[in-house]
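Trainee: The file below is protein.cif, mmCIF, C-alpha atoms:
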data_upload
#
loop_
_atom_site.label_atom_id
_atom_site.label_comp_id
_atom_site.auth_asym_id
_atom_site.auth_seq_id
_atom_site.Cartn_x
_atom_site.Cartn_y
_atom_site.Cartn_z
CA MET A 1 -24.73 -0.05 -4.63
CA ALA A 2 -26.66 1.84 -7.28
CA THR A 3 -25.00 2.20 -10.66
CA THR A 4 -25.99 3.68 -14.00
CA GLU A 5 -23.44 1.84 -16.15
CA SER A 6 -21.35 -1.32 -16.27
CA VAL A 7 -17.67 -1.30 -17.18
CA SER A 8 -16.34 -4.58 -18.55
CA GLY A 9 -14.07 -6.43 -16.13
CA LEU A 10 -15.05 -4.43 -13.07
CA ASP A 11 -17.89 -6.77 -12.04
CA LEU A 12 -15.48 -9.07 -10.17
CA VAL A 13 -17.06 -9.73 -6.75
CA VAL A 14 -14.59 -8.76 -4.01
CA CYS A 15 -16.68 -9.00 -0.83
CA THR A 16 -20.15 -9.35 0.60
CA CYS A 17 -22.05 -7.66 3.40
CA GLY A 18 -25.15 -9.55 4.39
CA LYS A 19 -26.78 -10.68 1.15
CA GLN A 20 -25.29 -7.82 -0.86
CA GLU A 21 -22.31 -8.47 -3.15
CA TYR A 22 -19.77 -5.74 -3.84
CA THR A 23 -17.58 -5.64 -6.92
CA ALA A 24 -14.15 -4.33 -7.82
CA ARG A 25 -15.91 -1.31 -9.26
CA ASP A 26 -17.62 -0.67 -5.93
CA ALA A 27 -14.27 -0.81 -4.12
CA ILE A 28 -12.61 1.49 -6.68
CA ASP A 29 -15.43 4.04 -6.72
CA ALA A 30 -15.54 4.09 -2.91
CA ALA A 31 -11.78 4.79 -2.86
CA ILE A 32 -12.27 7.59 -5.41
CA PHE A 33 -15.02 9.03 -3.21
CA ARG A 34 -12.56 9.05 -0.29
CA GLY A 35 -9.86 10.64 -2.47
CA GLU A 36 -7.46 7.70 -2.08
CA LEU A 37 -6.71 6.68 -5.67
CA GLY A 38 -5.38 9.89 -7.21
CA VAL A 39 -1.68 9.09 -6.73
CA LYS A 40 -2.05 5.48 -7.93
CA TRP A 41 -4.00 6.59 -11.02
CA LYS A 42 -1.33 9.16 -11.90
CA GLU A 43 1.44 6.55 -11.51
CA PHE A 44 -0.49 4.20 -13.78
CA LEU A 45 -0.94 6.86 -16.46
CA ASP A 46 2.81 7.57 -16.32
CA GLU A 47 3.52 3.86 -16.83
CA VAL A 48 1.18 3.75 -19.83
CA GLU A 49 2.90 6.79 -21.33
CA ALA A 50 6.33 5.25 -20.74
CA GLU A 51 5.22 2.14 -22.59
CA LYS A 52 4.02 4.27 -25.52
CA ARG A 53 7.35 6.09 -25.57
CA ALA A 54 9.22 2.77 -25.54
CA ASP A 55 7.24 1.68 -28.60
CA GLU A 56 8.12 4.94 -30.37
CA LEU A 57 11.80 4.40 -29.60
CA ASP A 58 11.55 0.74 -30.58
CA LEU A 59 13.15 -0.10 -27.24
CA ASP A 60 14.27 -3.69 -26.84
CA LEU A 61 12.40 -5.67 -24.23
CA ASP A 62 14.55 -7.36 -21.58
CA GLU A 63 12.73 -10.67 -21.39
CA SER A 64 14.97 -11.96 -18.58
CA ALA A 65 14.18 -8.96 -16.37
CA ILE A 66 10.45 -9.37 -16.95
CA SER A 67 10.68 -13.11 -16.33
CA SER A 68 12.55 -12.50 -13.06
CA ALA A 69 9.92 -10.04 -11.88
CA ALA A 70 7.15 -12.49 -12.74
CA GLU A 71 8.97 -15.30 -10.92
CA ALA A 72 9.38 -13.10 -7.84
CA PHE A 73 5.65 -12.40 -7.91
CA ARG A 74 4.80 -16.10 -8.17
CA TYR A 75 7.20 -16.89 -5.31
CA GLU A 76 5.58 -14.21 -3.13
CA TYR A 77 2.12 -15.70 -3.72
CA ASP A 78 3.33 -19.32 -3.54
CA LEU A 79 2.32 -20.04 -7.13
CA ILE A 80 4.63 -22.92 -7.96
CA THR A 81 3.22 -24.19 -11.24
CA ALA A 82 1.79 -22.56 -14.34
CA GLU A 83 -1.55 -24.20 -13.53
CA GLU A 84 -1.60 -22.60 -10.07
CA THR A 85 -0.76 -19.23 -11.57
CA GLU A 86 -3.47 -19.58 -14.20
CA ALA A 87 -6.05 -20.50 -11.55
CA TRP A 88 -4.99 -17.56 -9.34
CA LEU A 89 -5.39 -15.19 -12.28
CA ALA A 90 -8.69 -16.71 -13.41
CA ASN A 91 -10.17 -16.29 -9.93
CA ARG A 92 -9.50 -12.58 -10.34
CA GLY A 93 -10.77 -12.32 -13.88
CA LEU A 94 -7.27 -12.08 -15.39
CA THR A 95 -5.37 -13.97 -18.08
CA PHE A 96 -1.70 -14.71 -18.72
CA ASP A 97 -1.76 -11.86 -21.24
CA ASP A 98 -2.85 -9.46 -18.48
CA PHE A 99 -0.08 -10.87 -16.30
CA SER A 100 2.55 -10.38 -19.01
CA ASP A 101 1.30 -6.92 -19.96
CA TYR A 102 1.54 -5.77 -16.34
CA PHE A 103 5.20 -6.73 -15.97
CA THR A 104 6.03 -5.33 -19.40
CA ARG A 105 4.52 -2.02 -18.38
CA GLN A 106 6.47 -2.09 -15.10
CA TYR A 107 9.68 -2.76 -17.01
CA TYR A 108 9.23 0.13 -19.42
CA ALA A 109 8.36 2.47 -16.55
CA THR A 110 11.89 1.95 -15.19
CA ALA A 111 13.68 1.55 -18.54
CA ILE A 112 12.60 4.93 -19.95
CA ARG A 113 15.04 7.44 -18.49
CA GLU A 114 13.56 10.58 -19.99
CA ASN A 115 10.70 12.39 -18.32
CA VAL A 116 7.37 11.40 -19.83
CA VAL A 117 4.27 13.56 -19.50
CA SER A 118 1.07 11.54 -19.35
CA ASP A 119 -2.33 12.78 -20.40
CA GLU A 120 -4.17 14.30 -17.44
CA VAL A 121 -7.32 12.25 -17.99
CA GLU A 122 -9.57 11.66 -15.00
CA TYR A 123 -10.44 8.09 -14.11
CA GLN A 124 -14.11 9.00 -14.52
CA CYS A 125 -13.48 10.09 -18.12
CA ALA A 126 -11.12 7.27 -19.12
CA SER A 127 -12.00 4.63 -21.69
CA SER A 128 -13.24 1.22 -20.57
CA ASP A 129 -9.98 -0.34 -21.86
CA LEU A 130 -7.89 2.00 -19.74
CA ARG A 131 -10.01 1.32 -16.69
CA ARG A 132 -9.68 -2.41 -17.31
CA SER A 133 -5.88 -2.10 -17.46
CA PHE A 134 -5.96 -0.07 -14.26
CA LEU A 135 -7.93 -2.84 -12.58
CA THR A 136 -5.19 -5.29 -13.60
CA GLU A 137 -2.66 -2.89 -12.06
CA LEU A 138 -4.63 -2.75 -8.81
CA ILE A 139 -4.99 -6.53 -8.60
CA LEU A 140 -1.37 -7.44 -9.31
CA SER A 141 0.09 -4.62 -7.19
CA GLY A 142 -2.04 -5.67 -4.22
CA ASP A 143 -3.86 -2.34 -4.07
CA LEU A 144 -7.24 -3.90 -4.81
CA ASP A 145 -6.80 -6.00 -1.66
CA ARG A 146 -6.18 -2.82 0.32
CA ILE A 147 -9.13 -0.82 -0.98
CA THR A 148 -11.40 -3.88 -0.62
CA THR A 149 -10.35 -4.12 3.02
CA ASP A 150 -11.15 -0.42 3.43
CA LEU A 151 -14.58 -0.92 1.84
CA MET A 152 -15.31 -3.83 4.17
CA ALA A 153 -14.34 -1.73 7.20
CA HIS A 154 -16.72 1.05 6.13
CA LEU A 155 -19.52 -1.42 5.43
CA ALA A 156 -19.03 -3.04 8.84
CA ALA A 157 -18.99 0.34 10.56
CA ARG A 158 -22.31 1.17 8.90
CA CYS A 159 -23.83 -2.13 10.08
CA ALA A 160 -22.49 -1.94 13.64
CA GLY A 161 -23.20 1.70 14.44
CA GLU A 162 -26.18 3.89 15.06
CA GLU A 163 -27.78 5.77 12.20
CA PRO A 164 -25.52 8.78 11.45
CA THR A 165 -26.97 12.14 12.37
CA PRO A 166 -27.83 14.67 9.66
CA GLU A 167 -25.06 16.88 11.03
CA ALA A 168 -22.47 14.10 10.65
CA ILE A 169 -23.58 13.40 7.08
CA SER A 170 -23.48 17.11 6.22
CA ALA A 171 -19.95 17.30 7.59
CA GLU A 172 -18.87 14.39 5.38
CA GLU A 173 -20.51 16.01 2.36
CA ARG A 174 -18.51 19.20 2.93
CA LYS A 175 -15.32 17.12 3.12
CA PHE A 176 -16.28 15.28 -0.08
CA LEU A 177 -16.85 18.53 -1.97
CA GLY A 178 -13.62 19.99 -0.63
CA ARG A 179 -11.31 17.11 -1.52
CA ASN A 180 -12.77 16.91 -5.03
CA SER A 181 -12.72 20.70 -5.51
CA ILE A 182 -16.32 20.83 -6.62
CA LYS A 183 -19.26 23.05 -5.66
CA PRO A 184 -22.65 21.69 -4.58
CA ALA A 185 -24.10 22.54 -8.00
CA GLN A 186 -21.40 20.40 -9.67
CA ARG A 187 -22.14 17.29 -7.63
CA ALA A 188 -24.55 15.80 -10.18
CA ASN A 189 -22.00 16.23 -12.96
CA TRP A 190 -19.29 14.52 -10.87
CA LEU A 191 -21.61 11.60 -10.25
CA GLU A 192 -22.60 11.36 -13.90
CA LYS A 193 -18.97 11.11 -15.00
CA LEU A 194 -18.40 8.32 -12.48
CA GLY A 195 -21.58 6.58 -13.57
CA ARG A 196 -23.20 6.80 -10.14
CA ASP A 197 -26.34 8.43 -8.79
CA SER A 198 -27.37 10.45 -5.74
CA LYS A 199 -28.50 7.33 -3.87
CA TRP A 200 -24.99 5.91 -4.15
CA LEU A 201 -23.50 9.16 -2.84
CA ASP A 202 -25.91 9.16 0.10
CA GLU A 203 -24.74 5.65 0.97
CA MET A 204 -21.10 6.72 0.75
CA LEU A 205 -21.69 9.71 3.02
CA ALA A 206 -23.55 7.61 5.59
CA MET A 207 -20.82 4.94 5.55
CA GLU A 208 -18.10 7.54 5.99
CA ALA A 209 -19.96 9.22 8.84
CA ALA A 210 -20.45 5.85 10.59
CA TYR A 211 -16.78 4.94 10.08
CA ARG A 212 -15.64 8.30 11.45
CA THR A 213 -17.82 7.86 14.55
CA HIS A 214 -16.11 4.54 15.29
CA CYS A 215 -12.68 6.13 14.82
CA ASP A 216 -13.45 9.10 17.07
CA ARG A 217 -14.64 6.81 19.86
CA LEU A 218 -11.66 4.52 19.52
CA LEU A 219 -8.73 6.92 19.09
CA VAL A 220 -8.68 8.55 22.51
CA PRO A 221 -5.62 9.34 24.71
CA GLU A 222 -6.35 6.56 27.20
CA ALA A 223 -6.50 3.88 24.50
CA ARG A 224 -3.37 5.20 22.82
CA GLN A 225 -1.42 5.22 26.08
CA HIS A 226 -2.49 1.66 26.90
CA GLU A 227 -1.43 0.50 23.45
CA LEU A 228 1.89 2.34 23.76
CA MET A 229 2.75 0.43 26.93
CA ALA A 230 2.29 -2.87 25.09
CA LEU A 231 4.36 -1.70 22.12
CA ARG A 232 7.25 -0.02 23.92
CA LEU A 233 9.93 -2.29 22.44
CA PRO A 234 8.64 -2.64 18.84
CA LEU A 235 8.22 1.14 18.58
CA THR A 236 11.66 2.00 19.96
CA ARG A 237 13.35 4.38 17.53
CA PHE A 238 16.95 3.84 16.43
CA GLU A 239 19.30 6.41 14.95
CA ILE A 240 22.28 4.70 13.33
CA GLU A 241 25.08 5.23 10.85
CA VAL A 242 25.70 2.63 8.15
CA ILE A 243 28.54 1.72 5.80
CA GLU A 244 27.67 -0.45 2.79
CA LEU A 245 30.45 -2.90 1.82
CA GLU A 246 30.89 -5.46 -0.93
CA SER A 247 32.05 -8.45 1.18
CA HIS A 248 32.24 -9.88 4.66
CA ASP A 249 36.02 -9.47 4.70
CA ALA A 250 35.71 -5.78 3.83
CA ALA A 251 33.11 -5.36 6.56
CA LYS A 252 35.34 -7.06 9.14
CA GLU A 253 38.23 -4.82 8.14
CA ALA A 254 36.04 -1.75 8.52
CA LEU A 255 34.90 -3.00 11.92
CA PHE A 256 38.55 -3.38 12.99
CA CYS A 257 39.30 0.19 11.89
CA VAL A 258 36.44 1.52 14.01
CA GLN A 259 37.00 -0.60 17.11
CA GLN A 260 40.80 -0.88 17.18
CA ASP A 261 42.08 2.15 15.26
CA GLY A 262 39.50 4.57 16.65
CA MET A 263 38.39 5.80 13.24
CA SER A 264 34.88 7.15 12.85
CA MET A 265 32.40 5.34 10.63
CA GLU A 266 32.35 8.30 8.26
CA GLU A 267 36.16 8.32 8.02
CA VAL A 268 36.23 4.60 7.20
CA ALA A 269 33.58 5.07 4.54
CA ALA A 270 35.40 8.02 3.00
CA GLU A 271 38.76 6.24 2.96
CA GLY A 272 37.31 3.14 1.30
CA ARG A 273 34.86 5.10 -0.88
CA TYR A 274 31.97 3.15 0.54
CA PRO A 275 28.37 4.43 0.66
CA TYR A 276 27.59 6.00 4.01
CA ARG A 277 24.23 7.07 5.46
CA ARG A 278 22.49 7.88 8.75
CA PRO A 279 18.98 6.41 8.73
CA GLU A 280 16.31 6.29 11.43
CA PHE A 281 13.78 3.50 11.91
CA LEU A 282 11.56 1.74 14.43
CA LEU A 283 12.62 -1.67 15.72
CA GLU A 284 9.57 -3.39 14.21
CA ASP A 285 10.64 -2.26 10.74
CA LEU A 286 13.67 -4.57 10.88
CA PRO A 287 13.65 -8.23 9.83
CA VAL A 288 12.79 -10.40 12.83
CA ASP A 289 16.18 -12.16 12.77
CA VAL A 290 17.98 -8.81 13.13
CA GLN A 291 15.79 -7.12 15.74
CA GLN A 292 17.39 -8.75 18.78
CA ARG A 293 20.87 -7.63 17.72
CA PHE A 294 19.78 -4.00 17.76
CA LEU A 295 17.73 -4.41 20.91
CA ASN A 296 20.79 -5.71 22.78
CA ALA A 297 23.01 -2.86 21.56
CA SER A 298 23.61 0.38 23.41
CA ALA A 299 24.29 3.81 21.97
CA GLY A 300 27.83 3.83 20.56
CA ASN A 301 27.97 0.09 19.90
CA VAL A 302 29.04 -1.20 16.48
CA LEU A 303 27.24 -4.36 15.44
CA GLU A 304 28.80 -7.34 13.71
CA PRO A 305 28.43 -7.09 9.89
CA ILE A 306 24.92 -7.78 8.61
CA ALA A 307 24.31 -9.42 5.23
CA ARG A 308 22.25 -7.25 2.86
CA GLY A 309 21.56 -8.43 -0.68
CA ASP A 310 24.88 -9.09 -2.42
CA GLY A 311 26.92 -7.25 0.21
CA PHE A 312 27.16 -6.40 3.89
CA GLU A 313 26.37 -3.47 6.16
CA LEU A 314 28.31 -2.23 9.16
CA CYS A 315 26.02 -0.42 11.60
CA ARG A 316 26.75 1.76 14.61
CA VAL A 317 23.96 2.73 17.00
CA LEU A 318 23.88 6.47 17.63
CA ALA A 319 20.75 6.58 19.78
CA LYS A 320 17.91 4.43 21.11
CA ILE A 321 14.80 6.48 21.79
CA GLU A 322 11.84 5.20 23.78
CA PRO A 323 8.51 5.77 22.03
CA HIS A 324 6.31 8.71 23.01
CA ALA A 325 2.67 9.19 22.16
CA ASP A 326 3.33 12.67 20.73
CA ASP A 327 5.77 11.27 18.12
CA PRO A 328 3.79 11.47 14.84
CA THR A 329 5.15 8.16 13.54
CA VAL A 330 4.49 6.36 16.81
CA LYS A 331 1.00 7.86 17.02
CA LEU A 332 0.26 6.72 13.47
CA ARG A 333 1.41 3.14 14.21
CA ILE A 334 -0.63 2.99 17.43
CA ASP A 335 -3.74 4.37 15.76
CA GLN A 336 -3.41 1.87 12.92
CA ARG A 337 -3.19 -1.04 15.36
CA LEU A 338 -6.22 0.15 17.29
CA LEU A 339 -8.20 0.54 14.07
CA ASP A 340 -7.03 -2.76 12.59
CA ARG A 341 -8.00 -4.70 15.71
CA HIS A 342 -11.38 -3.00 16.05
CA PHE A 343 -12.41 -3.27 12.42
CA SER A 344 -11.04 -6.78 12.07
CA GLU A 345 -13.63 -7.90 14.59
CA LEU A 346 -16.41 -5.94 12.89
CA LYS A 347 -15.47 -7.18 9.41
CA SER A 348 -15.50 -10.80 10.53
CA LYS A 349 -18.99 -10.27 11.95
CA TYR A 350 -20.64 -8.31 9.13
CA THR A 351 -18.65 -8.91 5.93
CA GLN A 352 -16.99 -11.70 3.99
CA TRP A 353 -13.91 -11.59 1.77
CA ARG A 354 -14.57 -12.88 -1.74
CA LEU A 355 -11.65 -11.58 -3.82
CA GLY A 356 -9.81 -14.57 -5.27
CA SER A 357 -12.35 -17.10 -4.04
CA VAL A 358 -12.82 -20.11 -6.28
CA ALA A 359 -15.92 -19.64 -8.42
CA PRO A 360 -18.53 -22.40 -8.21
CA ALA A 361 -18.34 -24.94 -11.00
CA LYS A 362 -20.74 -24.39 -13.88
CA GLU A 363 -23.17 -27.20 -14.57
#
What is this structure when it is put down as structure tokens?
Mentor:
Amino acid sequence: MATTESVSGLDLVVCTCGKQEYTARDAIDAAIFRGELGVKWKEFLDEVEAEKRADELDLDLDESAISSAAEAFRYEYDLITAEETEAWLANRGLTFDDFSDYFTRQYYATAIRENVVSDEVEYQCASSDLRRSFLTELILSGDLDRITTDLMAHLAARCAGEEPTPEAISAEERKFLGRNSIKPAQRANWLEKLGRDSKWLDEMLAMEAAYRTHCDRLLVPEARQHELMALRLPLTRFEIEVIELESHDAAKEALFCVQQDGMSMEEVAAEGRYPYRRPEFLLEDLPVDVQQRFLNASAGNVLEPIARGDGFELCRVLAKIEPHADDPTVKLRIDQRLLDRHFSELKSKYTQWRLGSVAPAKE
């Protein structure tokens, strides 16, 4: 991809397509083009501002909280030893200092109770140091994995499809201008701030047009209905009421009050001053070991207490609703599965994942 500048730290190779390598910067800029990084960038700026405010207040750092968060991260990624962690970081161009700074920033973001107002600086106008810190944020939060996957899908769509028509590319250009609130005459300035040129933008527009063509051909009523039939159980919607209790004994007592004394769940919660809520969810959103318990329950049934964190939950099923294609949530899940399956095949054929790969040894 054509570029007019190089930002330190963003040259980490994340994937390849044919003989072409694509870097973290390519993945980030492609996500900016698609308008998908605005929220994450704003959250990052708020975290940076919170850290500045903590320094001003001389706020004590809770080392144990930061250590626990770091340990949870290492457990999630199966990084048992310090050497494994160091290698994992090095393969992504990071150091232990980057690792520590990330969790410190996360801690301050939750420790500062007052509202902080961050500078409204655009990513394109940010300093190289700020962009480098944002890259660390994307890597350790897992967001770089996501936007790299998106880039690979768009690259594969471009390779696997026909050449986009001028009309399709013009349509994508109008969308690009609209989501970035710029006029055609301002396009060159937008590109200059990002450090890209018109050739790069042409590639982005062609990739987006190719990707959209694949999506339009794939997401049709017949395909959605076929997928719905296969996902009838996982996409079953549950409406329940829940009481949160501190112990198994308290949960059993609450269960007795509902089943034997005829009290409502809300009455039991109010009498014991327990948290009470009425959530909705799809069956597949539950832990696998709990799904069967809900699947076997009928409307009105109260389930045996379920362990949650340090306490227990008592749940009563209010309704079980079969999935319908016109349900927005169900439609979104079905579409995502269709897209994931389709582009997974294309990505394996035309692209290769490189993020986190072990670098070849230097002679």
Trainee: List the residues selected by the PyMOL selection byres ((chain A and resi 139-145) around 8) in the file shown, writing them as a list in words.
Mentor: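 Going through the file, the PyMOL selection byres ((chain A and resi 139-145) around 8) ends up selecting Ala24, Ala27, Ile28, Arg92, Phe99, Tyr102, Leu135, Thr136, Glu137, Leu138, Arg146, Ile147, Thr148, Thr149 and Leu355 of chain A.
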Trainee: Env of Tyr276 of chain A: 12 Å cut, atoms = only C-alpha atoms, seq-sep filter 6 positions within chain, self excluded. Answer as number ranges by chain.
Mentor: A: 240-245, 264-270, 313-316
Trainee: When the PyMOL selection byres ((chain A and resi 167-180) around 7) is applied to the file above, which residues end up in the set, as an MDAnalysis selection string?
Mentor: chainID A and resid 35 164:166 181:183 205:206 208:209
Trainee: Dump as a list in words all residues having an atom at most 12 Å from (-28.6, 10.5, -0.8), computed in the file's coordinates with only C-alpha atoms.
Mentor: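 Counting only C-alpha atoms, I find these residues within 12 Å of (-28.6, 10.5, -0.8): Met1, Ala2, Pro166, Ile169, Ser170, Glu173, Arg187, Ala188, Leu191, Arg196, Asp197, Ser198, Lys199, Trp200, Leu201, Asp202, Glu203, Met204, Leu205, Ala206 and Met207 of chain A.
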Trainee: Rank nothing, just name the residue among A:Glu345, A:Tyr123, A:Ala185, A:Arg212 nearest to Leu37 of chain A, using all atoms listed in the file.
Mentor: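 Using all atoms listed in the file, Leu37 of chain A sits closest to A:Tyr123.
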Trainee: Could you expand the PyMOL selection byres ((chain A and resi 15) around 9) into the explicit residues it covers here, written as a list of chain:residue names?
Mentor: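 That expression, the PyMOL selection byres ((chain A and resi 15) around 9), corresponds here to A:Val13, A:Val14, A:Thr16, A:Cys17, A:Gln20, A:Glu21, A:Tyr22, A:Thr23, A:Ala24, A:Thr148, A:Thr149, A:Leu151, A:Met152, A:Thr351, A:Gln352, A:Trp353, A:Arg354, A:Leu355.
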Trainee: Suppose we keep C-alpha atoms; can you now write the selection as a short mmCIF file (atom, residue, chain, number, x, y, z; two decimals), keeping the file's coordinate frame?
Mentor:
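Just written: result_36.cif:
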data_model
loop_
_atom_site.label_atom_id
_atom_site.label_comp_id
_atom_site.auth_asym_id
_atom_site.auth_seq_id
_atom_site.Cartn_x
_atom_site.Cartn_y
_atom_site.Cartn_z
CA VAL A 13 -17.06 -9.73 -6.75
CA VAL A 14 -14.59 -8.76 -4.01
CA THR A 16 -20.15 -9.35 0.60
CA CYS A 17 -22.05 -7.66 3.40
CA GLN A 20 -25.29 -7.82 -0.86
CA GLU A 21 -22.31 -8.47 -3.15
CA TYR A 22 -19.77 -5.74 -3.84
CA THR A 23 -17.58 -5.64 -6.92
CA ALA A 24 -14.15 -4.33 -7.82
CA THR A 148 -11.40 -3.88 -0.62
CA THR A 149 -10.35 -4.12 3.02
CA LEU A 151 -14.58 -0.92 1.84
CA MET A 152 -15.31 -3.83 4.17
CA THR A 351 -18.65 -8.91 5.93
CA GLN A 352 -16.99 -11.70 3.99
CA TRP A 353 -13.91 -11.59 1.77
CA ARG A 354 -14.57 -12.88 -1.74
CA LEU A 355 -11.65 -11.58 -3.82
#
